[in-house]
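K.L.:
You'll find protein-v6.cif just under this line, and it carries mmCIF, C-alpha atoms.
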```
data_work
#
loop_
_atom_site.label_atom_id
_atom_site.label_comp_id
_atom_site.auth_asym_id
_atom_site.auth_seq_id
_atom_site.Cartn_x
_atom_site.Cartn_y
_atom_site.Cartn_z
CA MET P 446 0.00 0.00 0.00
CA THR P 447 1.27 3.46 -0.85
CA GLU P 448 0.75 6.64 1.10
CA THR P 449 0.37 10.26 0.09
CA THR P 450 0.46 13.30 2.32
CA VAL P 451 -2.61 15.50 2.68
CA GLY P 452 -2.46 18.39 5.12
CA GLY P 453 0.59 16.99 6.84
CA SER P 454 -0.97 13.62 7.60
CA ALA P 455 -0.26 10.31 5.97
CA VAL P 456 -3.28 9.19 3.97
CA SER P 457 -3.42 5.66 2.66
CA ALA P 458 -4.07 5.13 -1.00
CA ALA P 459 -5.76 2.07 -2.42
CA PRO P 460 -4.34 -1.14 -1.03
CA ALA P 461 -1.69 -2.78 -3.12
CA SER P 462 -1.75 -6.52 -3.64
CA PHE P 463 -0.33 -8.40 -0.68
CA VAL P 464 2.90 -10.21 -1.50
CA TRP P 465 4.36 -12.82 0.84
CA THR P 466 8.10 -12.35 0.98
CA ARG P 467 10.69 -13.64 3.46
CA GLN P 468 10.92 -10.15 4.99
CA THR P 469 7.14 -9.97 5.33
CA VAL P 470 6.95 -13.35 7.07
CA LEU P 471 9.76 -12.46 9.48
CA SER P 472 8.21 -9.09 10.32
CA ILE P 473 4.73 -10.50 10.97
CA ALA P 474 6.15 -13.42 12.95
CA GLY P 475 8.21 -10.99 15.02
CA GLY P 476 5.13 -8.89 15.76
CA LEU P 477 3.20 -11.95 16.90
CA VAL P 478 6.10 -12.99 19.14
CA VAL P 479 6.19 -9.54 20.77
CA LEU P 480 2.45 -9.47 21.44
CA VAL P 481 2.43 -13.02 22.80
CA ALA P 482 5.42 -12.14 24.99
CA ILE P 483 3.39 -9.27 26.48
CA LEU P 484 0.58 -11.66 27.37
CA VAL P 485 3.03 -14.15 28.88
CA GLY P 486 4.76 -11.35 30.79
CA ALA P 487 1.44 -10.16 32.19
CA SER P 488 0.65 -13.68 33.36
CA VAL P 489 4.03 -13.99 35.05
CA LEU P 490 3.62 -10.63 36.77
CA HIS P 491 0.17 -11.59 38.01
CA ASN P 492 1.62 -14.61 39.80
CA THR P 493 4.79 -12.92 41.08
CA PRO P 494 4.81 -11.80 44.74
CA GLY P 495 5.29 -8.06 45.03
CA TYR P 496 3.73 -7.31 41.65
CA GLY P 497 0.40 -9.08 41.17
CA ALA P 498 -2.73 -7.97 39.36
CA ARG P 499 -1.98 -4.24 39.32
CA ALA P 500 1.37 -4.66 37.57
CA SER P 501 -0.08 -7.24 35.19
CA LEU P 502 -3.00 -5.04 34.24
CA SER P 503 -0.71 -2.02 33.87
CA LEU P 504 1.39 -3.92 31.32
CA LEU P 505 -1.70 -4.95 29.36
CA LEU P 506 -3.24 -1.47 29.45
CA GLY P 507 0.07 0.02 28.32
CA ALA P 508 0.24 -2.42 25.41
CA ALA P 509 -3.32 -1.56 24.40
CA LEU P 510 -2.50 2.13 24.61
CA GLY P 511 0.63 1.66 22.48
CA ILE P 512 -1.33 -0.18 19.81
CA VAL P 513 -4.07 2.44 19.71
CA PHE P 514 -1.63 5.37 19.78
CA GLN P 515 0.38 3.88 16.91
CA ARG P 516 -2.52 2.81 14.71
CA GLY P 517 -4.49 6.00 15.32
CA ARG P 518 -1.40 8.27 15.09
CA PHE P 519 -2.38 9.63 18.52
CA CYS P 520 0.65 11.88 18.87
CA PHE P 521 -0.23 15.21 20.48
CA PHE P 522 2.51 17.11 18.68
CA CYS P 523 1.68 15.63 15.28
CA ILE P 524 -1.99 16.42 15.81
CA LEU P 525 -1.29 20.03 16.82
CA ARG P 526 1.27 20.47 14.04
CA ASP P 527 -1.24 19.31 11.43
CA PHE P 528 -3.75 21.86 12.68
CA ILE P 529 -1.35 24.80 13.12
CA GLU P 530 0.75 24.26 10.02
CA TYR P 531 -1.69 22.62 7.60
CA ARG P 532 -5.11 23.63 8.98
CA ASN P 533 -6.07 19.96 9.26
CA ALA P 534 -8.14 19.26 12.38
CA THR P 535 -8.66 15.53 11.79
CA GLY P 536 -6.43 14.43 14.66
CA LEU P 537 -7.97 16.91 17.09
CA TYR P 538 -11.21 14.94 16.92
CA ALA P 539 -9.37 11.94 18.39
CA ILE P 540 -8.41 14.07 21.41
CA LEU P 541 -11.95 15.44 21.73
CA ALA P 542 -13.42 11.93 21.56
CA ALA P 543 -10.97 10.69 24.20
CA LEU P 544 -11.92 13.56 26.50
CA ALA P 545 -15.66 13.02 25.99
CA VAL P 546 -15.61 9.26 26.58
CA GLY P 547 -13.06 9.62 29.37
CA ALA P 548 -15.21 12.18 31.20
CA VAL P 549 -18.29 9.95 31.10
CA GLY P 550 -16.22 7.07 32.46
CA TYR P 551 -14.62 9.21 35.16
CA ALA P 552 -18.03 10.53 36.26
CA VAL P 553 -19.21 6.95 36.78
CA VAL P 554 -16.07 5.98 38.70
CA PHE P 555 -16.14 9.17 40.78
CA GLY P 556 -19.73 8.43 41.76
CA ALA P 557 -18.55 5.11 43.22
CA PHE P 558 -15.44 6.48 44.93
CA LEU P 559 -16.89 9.78 46.13
CA PRO P 560 -20.71 9.93 45.94
CA ASN P 561 -20.92 13.50 47.29
CA ALA P 562 -18.84 15.73 45.03
CA MET P 563 -19.66 18.83 47.08
CA GLY P 564 -18.42 17.49 50.40
CA GLY P 565 -15.08 19.29 50.28
CA ARG P 566 -12.98 16.28 49.29
CA LEU P 567 -11.22 15.43 46.03
CA PRO P 568 -11.46 11.99 44.38
CA PRO P 569 -8.44 9.81 45.24
CA ASP P 570 -5.35 10.06 43.03
CA ALA P 571 -7.09 11.94 40.20
CA HIS P 572 -4.97 14.41 38.23
CA ILE P 573 -6.39 17.57 39.79
CA GLY P 574 -3.63 20.09 40.34
CA PRO P 575 -3.02 23.70 41.41
CA VAL P 576 -3.67 26.49 38.91
CA SER P 577 -1.11 29.29 38.75
CA TRP P 578 1.45 30.93 36.52
CA VAL P 579 3.71 27.95 37.26
CA LEU P 580 1.32 25.64 35.41
CA VAL P 581 1.23 28.04 32.45
CA ALA P 582 5.03 28.30 32.32
CA ALA P 583 5.39 24.52 32.63
CA GLY P 584 2.88 23.86 29.85
CA PHE P 585 4.45 26.46 27.57
CA ALA P 586 7.91 24.96 28.10
CA PHE P 587 6.48 21.51 27.45
CA GLY P 588 4.96 22.71 24.17
CA ILE P 589 8.27 24.24 23.03
CA GLY P 590 9.94 20.95 23.95
CA MET P 591 7.43 19.05 21.83
CA ALA P 592 8.22 21.22 18.82
CA LEU P 593 11.97 20.82 19.30
CA SER P 594 11.94 17.06 19.79
CA GLY P 595 9.17 16.12 17.36
CA ALA P 596 6.75 14.54 19.84
CA CYS P 597 5.49 14.65 23.41
CA ILE P 598 6.73 12.10 25.95
CA SER P 599 3.97 9.59 25.16
CA GLY P 600 4.62 10.13 21.46
CA HIS P 601 8.29 9.32 21.91
CA LEU P 602 7.40 6.19 23.86
CA TYR P 603 5.19 4.74 21.14
CA ARG P 604 7.50 5.94 18.36
CA LEU P 605 10.31 3.96 19.96
CA GLY P 606 8.49 0.97 18.52
CA GLU P 607 8.56 2.55 15.06
CA GLY P 608 12.33 3.02 15.05
CA TYR P 609 12.26 6.78 15.65
CA ALA P 610 15.91 7.35 16.53
CA ARG P 611 15.33 10.71 18.24
CA ALA P 612 12.96 9.15 20.80
CA PRO P 613 15.57 7.67 23.19
CA VAL P 614 17.55 10.92 23.04
CA ALA P 615 14.47 12.97 23.94
CA LEU P 616 13.51 10.58 26.73
CA PHE P 617 17.01 10.82 28.19
CA GLY P 618 16.68 14.59 28.00
CA SER P 619 13.41 14.35 29.94
CA LEU P 620 15.31 12.62 32.76
CA ILE P 621 17.63 15.62 32.93
CA GLY P 622 14.63 17.95 32.83
CA PHE P 623 12.97 16.18 35.72
CA GLY P 624 16.19 16.57 37.70
CA LEU P 625 16.19 20.31 37.02
CA GLY P 626 12.54 20.41 38.04
CA PHE P 627 13.34 18.89 41.43
CA PHE P 628 15.92 21.60 42.06
CA THR P 629 13.31 24.21 41.10
CA TRP P 630 10.48 22.74 43.15
CA GLN P 631 11.18 24.07 46.65
CA SER P 632 11.17 27.76 45.76
CA VAL P 633 8.24 27.44 43.35
CA TYR P 634 6.16 25.55 45.89
CA LEU P 635 6.86 27.93 48.76
CA ASP P 636 6.36 31.07 46.67
CA THR P 637 3.35 30.02 44.58
CA LEU P 638 2.02 26.46 44.58
CA SER P 639 1.35 26.26 48.30
CA ARG P 640 -1.25 29.04 47.88
CA ALA P 641 -2.53 28.22 44.39
CA PRO P 642 -6.17 27.14 44.07
CA VAL P 643 -6.99 23.54 43.17
CA VAL P 644 -10.20 23.79 41.13
CA TRP P 645 -12.37 20.71 40.62
CA LEU P 646 -15.59 21.54 38.76
CA PRO P 647 -17.90 18.91 40.37
CA ALA P 648 -17.20 20.50 43.76
CA THR P 649 -19.24 23.47 42.55
CA LEU P 650 -21.47 22.06 39.81
CA GLY P 651 -21.91 18.45 40.91
CA TYR P 652 -21.18 15.54 38.62
CA GLY P 653 -24.13 16.20 36.35
CA GLY P 654 -23.39 19.89 35.92
CA ALA P 655 -19.66 19.36 35.41
CA LEU P 656 -20.25 16.63 32.83
CA ALA P 657 -22.84 18.72 30.98
CA LEU P 658 -20.47 21.71 30.85
CA HIS P 659 -17.58 19.49 29.81
CA LEU P 660 -19.49 17.89 26.93
CA ALA P 661 -20.90 21.26 25.83
CA VAL P 662 -17.42 22.78 25.61
CA LEU P 663 -16.12 19.78 23.66
CA ALA P 664 -19.12 19.93 21.30
CA ALA P 665 -18.54 23.65 20.70
CA ILE P 666 -14.87 23.03 19.88
CA ALA P 667 -15.80 20.14 17.58
CA PHE P 668 -18.32 22.33 15.75
CA ALA P 669 -15.81 25.16 15.36
CA LEU P 670 -13.26 22.76 13.88
CA LEU P 671 -15.58 21.35 11.21
CA ARG P 672 -14.32 23.80 8.62
CA PHE P 673 -10.79 22.49 9.08
CA LEU P 674 -11.65 18.94 8.06
CA PRO P 675 -10.20 17.84 4.70
CA ALA P 676 -12.14 15.94 2.07
CA GLY P 677 -12.94 12.39 3.08
CA GLU P 678 -10.55 9.62 2.21
CA PRO P 679 -11.84 7.33 -0.58
CA LYS P 680 -13.14 4.03 0.72
CA PRO P 681 -11.86 0.84 -0.93
CA ASP P 682 -14.52 -1.18 -2.70
CA GLY P 683 -14.86 -4.91 -2.99
CA PRO P 684 -15.29 -7.83 -0.61
CA TRP P 685 -13.69 -8.01 2.82
CA THR P 686 -10.84 -10.30 1.92
CA PRO P 687 -8.09 -11.17 4.45
CA ALA P 688 -5.78 -8.79 2.60
CA ARG P 689 -8.29 -5.93 2.87
CA ILE P 690 -8.87 -6.60 6.58
CA TYR P 691 -5.10 -6.62 7.13
CA GLU P 692 -4.72 -3.29 5.32
CA THR P 693 -7.61 -1.71 7.22
CA LEU P 694 -6.55 -2.81 10.70
CA LEU P 695 -2.78 -2.67 10.47
CA ARG P 696 -1.75 -0.27 7.72
CA ARG P 697 -4.44 2.35 7.33
CA ARG P 698 -4.77 5.05 9.98
CA TRP P 699 -7.64 4.28 12.32
CA ASN P 700 -10.65 6.57 12.42
CA PRO P 701 -9.91 9.44 14.85
CA LEU P 702 -13.26 9.17 16.65
CA ALA P 703 -12.81 5.43 17.19
CA THR P 704 -9.21 5.96 18.28
CA GLY P 705 -10.17 8.62 20.81
CA ALA P 706 -13.07 6.59 22.16
CA ILE P 707 -10.79 3.61 22.80
CA VAL P 708 -8.23 5.85 24.53
CA GLY P 709 -11.02 7.22 26.74
CA VAL P 710 -12.16 3.72 27.71
CA ILE P 711 -8.59 2.66 28.50
CA GLY P 712 -8.19 5.74 30.66
CA MET P 713 -11.36 4.96 32.60
CA ILE P 714 -10.32 1.33 33.19
CA ALA P 715 -6.85 2.42 34.26
CA TYR P 716 -8.23 4.83 36.85
CA PHE P 717 -10.78 2.37 38.17
CA ARG P 718 -8.39 -0.58 38.53
CA VAL P 719 -4.88 0.91 38.96
CA GLU P 720 -4.29 4.67 38.70
CA PRO P 721 -5.01 7.52 36.26
CA LEU P 722 -3.25 7.31 32.92
CA GLY P 723 0.13 9.03 32.88
CA VAL P 724 3.51 8.24 31.37
CA THR P 725 5.96 10.27 33.45
CA SER P 726 5.77 8.86 36.96
CA GLN P 727 8.38 6.14 36.43
CA ILE P 728 10.69 8.51 34.54
CA ALA P 729 10.36 11.17 37.24
CA SER P 730 10.91 8.58 39.96
CA ALA P 731 14.06 7.34 38.23
CA ALA P 732 15.42 10.90 38.15
CA ARG P 733 14.49 11.53 41.80
CA THR P 734 15.98 8.21 42.94
CA THR P 735 19.24 8.89 41.10
CA LEU P 736 19.57 12.36 42.64
CA ASP P 737 18.56 11.11 46.07
CA ASN P 738 21.12 8.28 45.99
CA ALA P 739 23.77 10.81 45.05
CA GLY P 740 22.80 13.01 48.00
CA LEU P 741 21.89 15.93 45.75
CA LEU P 742 18.28 16.43 46.86
CA ALA P 743 16.85 17.75 50.09
CA ASP P 744 15.51 15.09 52.45
CA ARG P 745 12.00 16.38 51.84
CA LEU P 746 10.51 18.18 48.86
CA ASN P 747 7.86 20.36 50.50
CA GLY P 748 4.36 19.73 49.25
CA LEU P 749 5.32 17.47 46.36
CA ASP P 750 3.65 14.41 47.83
CA THR P 751 0.48 16.30 48.75
CA PHE P 752 -0.61 16.88 45.14
CA ALA P 753 -2.20 14.27 42.91
CA GLY P 754 -0.59 13.62 39.56
CA CYS P 755 2.31 11.66 38.14
CA ALA P 756 3.99 11.17 41.51
CA ALA P 757 7.77 11.04 41.66
CA VAL P 758 8.96 8.86 44.52
CA VAL P 759 12.23 7.25 45.52
CA VAL P 760 11.94 3.65 44.30
CA GLN P 761 14.26 0.73 43.73
CA ALA P 762 11.91 -1.30 41.51
CA ILE P 763 9.64 -0.94 38.51
CA THR P 764 6.34 0.66 39.47
CA GLU P 765 2.92 0.07 37.89
CA ASN P 766 3.59 3.13 35.76
CA GLY P 767 6.85 1.59 34.63
CA TRP P 768 5.05 -1.52 33.45
CA LEU P 769 2.50 0.67 31.66
CA ILE P 770 5.08 2.64 29.68
CA GLY P 771 7.02 -0.54 28.95
CA GLY P 772 3.85 -2.10 27.60
CA LEU P 773 3.15 1.05 25.59
CA ALA P 774 6.48 0.85 23.76
CA LEU P 775 6.25 -2.93 23.27
CA GLY P 776 2.64 -2.81 22.08
CA SER P 777 3.57 -0.22 19.48
CA PHE P 778 6.60 -2.27 18.42
CA GLY P 779 4.52 -5.42 18.02
CA VAL P 780 1.84 -3.81 15.86
CA VAL P 781 4.49 -1.98 13.79
CA LEU P 782 6.14 -5.31 13.01
CA LEU P 783 2.76 -6.82 12.11
CA ALA P 784 2.22 -3.92 9.70
CA ARG P 785 5.75 -4.26 8.27
CA ARG P 786 6.45 -0.61 9.06
CA PHE P 787 9.49 -0.72 11.33
CA GLU P 788 12.23 1.56 10.01
CA TRP P 789 15.12 3.28 11.78
CA SER P 790 15.12 7.01 11.16
CA GLN P 791 18.29 8.98 10.60
CA LEU P 792 20.02 10.49 13.62
CA THR P 793 22.23 13.54 13.10
CA VAL P 794 24.11 15.85 15.42
CA LEU P 795 21.52 18.60 14.92
CA ASN P 796 18.37 16.55 15.39
CA SER P 797 19.98 14.79 18.37
CA ALA P 798 20.71 18.15 20.00
CA THR P 799 17.18 19.46 19.44
CA ALA P 800 15.68 16.18 20.69
CA LEU P 801 17.81 16.38 23.84
CA LEU P 802 16.93 20.03 24.49
CA GLY P 803 13.26 19.37 23.78
CA GLY P 804 13.33 16.45 26.19
CA VAL P 805 14.86 18.63 28.91
CA LEU P 806 12.09 21.21 28.49
CA MET P 807 9.40 18.54 28.55
CA GLY P 808 10.86 16.92 31.66
CA TRP P 809 11.09 20.25 33.48
CA GLY P 810 7.57 21.19 32.42
CA SER P 811 6.15 17.79 33.39
CA MET P 812 7.73 17.92 36.82
CA LEU P 813 6.26 21.32 37.68
CA ALA P 814 2.92 20.54 36.02
CA LEU P 815 2.75 17.15 37.80
CA GLY P 816 2.29 15.35 34.51
CA CYS P 817 2.35 15.66 30.73
CA THR P 818 -0.14 15.58 27.86
CA VAL P 819 -1.44 12.16 28.97
CA GLY P 820 -1.51 12.81 32.72
CA THR P 821 -2.21 16.51 33.32
CA LEU P 822 -4.03 17.13 30.04
CA LEU P 823 -5.88 13.94 29.08
CA SER P 824 -6.49 12.49 32.55
CA GLY P 825 -6.84 15.94 34.14
CA ILE P 826 -9.49 17.25 31.77
CA SER P 827 -11.35 13.93 31.91
CA ALA P 828 -11.37 14.34 35.71
CA PHE P 829 -12.99 17.82 35.36
CA ALA P 830 -9.87 19.60 36.61
CA LEU P 831 -9.39 23.22 35.58
CA SER P 832 -5.63 22.55 35.66
CA GLY P 833 -6.02 20.24 32.67
CA TRP P 834 -7.56 22.96 30.51
CA VAL P 835 -4.97 25.54 31.56
CA PHE P 836 -2.14 23.14 30.80
CA ALA P 837 -3.70 22.31 27.41
CA ALA P 838 -3.90 25.99 26.46
CA ALA P 839 -0.31 26.61 27.54
CA VAL P 840 0.95 23.56 25.61
CA PHE P 841 -0.90 24.74 22.51
CA GLY P 842 0.76 28.15 22.87
CA GLY P 843 4.20 26.58 23.17
CA VAL P 844 3.69 24.32 20.16
CA TRP P 845 2.26 27.21 18.12
CA LEU P 846 5.30 29.40 18.86
CA GLY P 847 7.69 26.54 18.22
CA ILE P 848 6.15 25.84 14.82
CA LYS P 849 6.04 29.51 13.87
CA LEU P 850 9.76 29.74 14.77
CA LYS P 851 10.28 26.53 12.72
CA LEU P 852 11.89 24.77 15.66
CA HIS P 853 10.36 21.50 14.44
CA GLN P 854 12.39 21.73 11.23
#
```
Can you dump the structure from the file as structure tokens?
P.N.:
Amino acid sequence: MTETTVGGSAVSAAPASFVWTRQTVLSIAGGLVVLVAILVGASVLHNTPGYGARASLSLLLGAALGIVFQRGRFCFFCILRDFIEYRNATGLYAILAALAVGAVGYAVVFGAFLPNAMGGRLPPDAHIGPVSWVLVAAGFAFGIGMALSGACISGHLYRLGEGYARAPVALFGSLIGFGLGFFTWQSVYLDTLSRAPVVWLPATLGYGGALALHLAVLAAIAFALLRFLPAGEPKPDGPWTPARIYETLLRRRWNPLATGAIVGVIGMIAYFRVEPLGVTSQIASAARTTLDNAGLLADRLNGLDTFAGCAAVVVQAITENGWLIGGLALGSFGVVLLARRFEWSQLTVLNSATALLGGVLMGWGSMLALGCTVGTLLSGISAFALSGWVFAAAVFGGVWLGIKLKLHQ
């Protein structure tokens, strides 16, 4: 199957005839091995003392997320770039669908965890953070980092499975950024965050009112974006042969509404059974543990452990979040091999430097924002947190400026 580019996005042309070659067989077999290995690994984790069902489910949810992100091209930077640079809003509908489905799921789960939303308590562990200029600065820096490195942190994790050579460089840079964020935290917390409001809409509007407002805002955005939708992609005709099913599921980009809906369901399941979706907790914890072991951090980071979000703790083992992001990368890798799309990209001195710098900015921004585009934005907005919307606006501003300055080139 060939691809053309329309509005910055890859659009699949009519499927070419499927040819079984040695390379094709090896690639598909490799993909099946990876996906089966994930299932076996989840079973082993489930029966291993100290890990159990939570770690097992985290691995499986991560793999599902990696598959959906890869097949639906659910990369926040790519989606925003297509809209800003090419006026193509197709990918934005995946985000809107994820937020709509996620909010409905969160409202149901919240009702079980915290029946009275107006009782002065926040739902446990949800990504509901303080709103201040710190959040705006963190989101803006994160957006600039996305433009420099070519993806957000979750995007780099799933693009590892595609052979995107800049991804490991950017992820290493995010470790450095988290370290810088820890050194920044004390003064920022004492000066601003300790007094910043934590706004959760159901506390004022109730679950029904918050959900109605949430869906109304998403519907208004969706309506406003209709004029930025390109002409529909031609649908292949003919019977549903195995070759056509293969092309549709594994090589053509999934429908954005279906992609977003699946992401929203995964997010709801993750919150109900393990913890809210986020991809930075393990990375942040690795940075904090390294600095703590070296004696470079204060014994206590004031207030850090009192906020919900992608918590950074001193650990000596893989956390549930670590299994989730590992599954995310492996799930993407497996489905890429099945689709015969794995290809190493070229790494140069320049794109390595911009990936590293972008990663540093994203790590710093994530640390101060208590999460990234999956945690603070996706999980936060789905949880009716004002902090999620503020972070989203700041990230958009950073990406917009980065693209206008051509930092992504």
K.L.:
Write out as a PyMOL selection string the residues lying within 6 Å of Phe587 of chain P, counting only C-alpha atoms and excluding same-chain residues fewer than 4 positions away.
P.N.:
chain P and resi 806-807+810
K.L.:
For Lys849 of chain P, which residue out of P:Ile529, P:Asn796, P:Leu813, P:Val489 is the nearest one, using only C-alpha atoms?
P.N.:
P:Ile529
K.L.:
Hey, can you check how far atom CA of Ala509 of chain P sits from atom CA of Arg467 of chain P?
P.N.:
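About the pair atom CA of Ala509 of chain P and atom CA of Arg467 of chain P: they are 27.9 Å apart.
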K.L.:
I need the residue nearest Leu749 of chain P from this list: P:Arg733, P:Gly595, P:Arg718, P:Ala542. Use all atoms listed in the file for the distance.
P.N.:
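Of the candidates, the smallest distance to Leu749 of chain P is held by P:Arg733.
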K.L.:
Spell out the residues picked by the PyMOL selection byres ((chain P and resi 623-636) around 9) here, as a PyMOL selection string.
P.N.:
chain P and resi 579+618-622+637-640+728-730+732-733+735-736+742-743+746-749+805-813
K.L.:
Could you list, as a ChimeraX atom specification, every residue matched by the PyMOL selection byres ((chain P and resi 585) around 6) in this structure?
P.N.:
/P:582-584,586-588,839-840,843
K.L.:
Please measure the separation of atom CA of Thr686 of chain P and atom CA of Pro701 of chain P, giving the value in Å to one decimal.
P.N.:
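Separating atom CA of Thr686 of chain P from atom CA of Pro701 of chain P is a distance of 23.6 Å.
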